[in-house]
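Scroll down for the structure; my scribbles are underneath it.
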Amino acid sequence: MTVSLSQHLQTHRDEILAEWFAKWLPADNSGQPGWASPAQTRHIMQTLFDQILSALTTAPPDQLPDLDEQAPLCVHLRHLAAEQARNPEQATDPLRLLFSLRQLLLRHVTAWDRKSETLSMAEPMLRLDRYFDRIALFAFNSILSLRDRHISEQNLSLMELSTPVLRLWHQILLLPLVGIIDTGRARQIADHLLEAIARHEARVTVIDLTGVPIIDTSVAQHIMKTIDAARLLGSRVVLTGISPEGAQTLTKLGIRFGDVICRASLRAGIAEALMITGKRITAMEDPAHP
């Protein structure tokens, strides 16, 4: 009686798993993923093997198994990708697991073929190879998607940290800018500032450019758009921290900030904001020295 490939793999399941464990989990645990214990790794590998074997068994012999997004195998692969994403040094572990299993199964296909002389070895090997290509591609895309999402989240966090809108006093805000200002960051700066102006009903906003290394036409245009938007919400802008080199560059480029109040230092800018709002800082009287 002819034994199908799926039946052959099912019959030798424990043997194949033991061989896979021995290859991936040596006695010194040098090959195991850094994000999983030996017991967890065994469970991951056993689950992965059974899901792949189940898909190969249920699919028609002349077709590749489907890779449905909600299928247990795809869910398991996304879980592996998520675990790996927390440990970038093991970036290729899910793929290495798949490639090592494919190599092992192809060797067992050869053994099965020798017992089934009426069947050709080429077709099942090609089917198995193509299926693992699809699985590996799905795992790779899952890893890239999660990595891109994490990078985007980190970039967003860094941008939020680098554009804090501080409330100095009642109706006075401070926006200290640090680093390069590009189009994406300029949009976020404007969004944060306008939201803060509306929330605090700020009459004056001090924008400090001390930490901006390059002030060119693009940066100046971004700043002017932010200033115009702040004016529409009723907040005057005091610009501080333009370096002598930056001032010369803006003059050579013919860029003018119009009627925007500019002060050389942050201290002078804060003093200007206090004056605009009718406030001032005075020394406290010492009760011992009236």
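Chain labels run A, B, ... following the order of the structure tokens; each chain numbers its residues from 1, and ligands are numbered from 1 in the order shown.
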Legend entry - DSSP helix (DSSP H, G or I) residues within region 25-240 of chain A, as a count of residues only: 136
Inset, instruction - Pull the strand (DSSP E) assignments for region 62-240 of chain A out of DSSP run on the backbone, and list those residues as an NGL selection string. - result: :A and (166-169 or 172-178 or 204-211 or 236-240)
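Near Cys262 (chain A), within 9 Å and counting only C-alpha atoms, sit A:Val237, A:Val238, A:Leu239, A:Thr240, A:Gly241, A:Ile242, A:Phe257, A:Gly269, not including residues fewer than 5 positions from it in the same chain.
Distance check against Ala136 (chain A) using only C-alpha atoms: of A:Thr210, A:Ser243, A:Thr282, A:Ser100, the minimum falls on A:Ser100.
Near His222 (chain A), within 8 Å and counting only C-alpha atoms, sit Thr183, Ala186, Ser218 and Thr226 of chain A; same-chain residues fewer than 4 positions away were not included.
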Taking C-alpha atoms for each residue, export the selection above as a PDB file, in the first residue's frame.
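In the end it all went to part-v6.pdb:
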ATOM      1  CA  THR A 183       8.561  69.316   7.114  1.00  0.00           C
ATOM      2  CA  ALA A 186       7.452  71.384  11.618  1.00  0.00           C
ATOM      3  CA  SER A 218      13.206  76.052   4.714  1.00  0.00           C
ATOM      4  CA  THR A 226       3.878  78.418  12.861  1.00  0.00           C
TER       5      THR A 226
END
Legend entry - Pick from A:Ala18, A:Leu177, A:Met45, A:Ile151 nearest to Pro213 (chain A), counting only C-alpha atoms: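 Result for the nearest residue to Pro213 (chain A): A:Leu177.
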Inset, instruction - Give me the residues within 10 Å of Ala230 (chain A) as a PyMOL selection string, counting only C-alpha atoms and dropping any in the same chain fewer than 2 places off. - result: chain A and resi 190+193-195+197-198+202-205+224-228+232-237
Inset, instruction - Tell me which of A:Leu266, A:Ile189, A:Val178, A:Met284 sits closest to Val212 (chain A), counting only C-alpha atoms. - result: A:Val178
Inset, instruction - Would you work out the distance separating CA of Val165 (chain A) from CA of Gly278 (chain A), expressed in Å to one decimal? - result: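 Separation between CA of Val165 (chain A) and CA of Gly278 (chain A): 21.6 Å.
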Inset, instruction - Could you tell me which of A:Trp169, A:Trp20, A:Tyr131, A:Phe138 comes closest to Val75 (chain A) if we count only C-alpha atoms? - result: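 Among the listed residues, A:Phe138 lies closest to Val75 (chain A).
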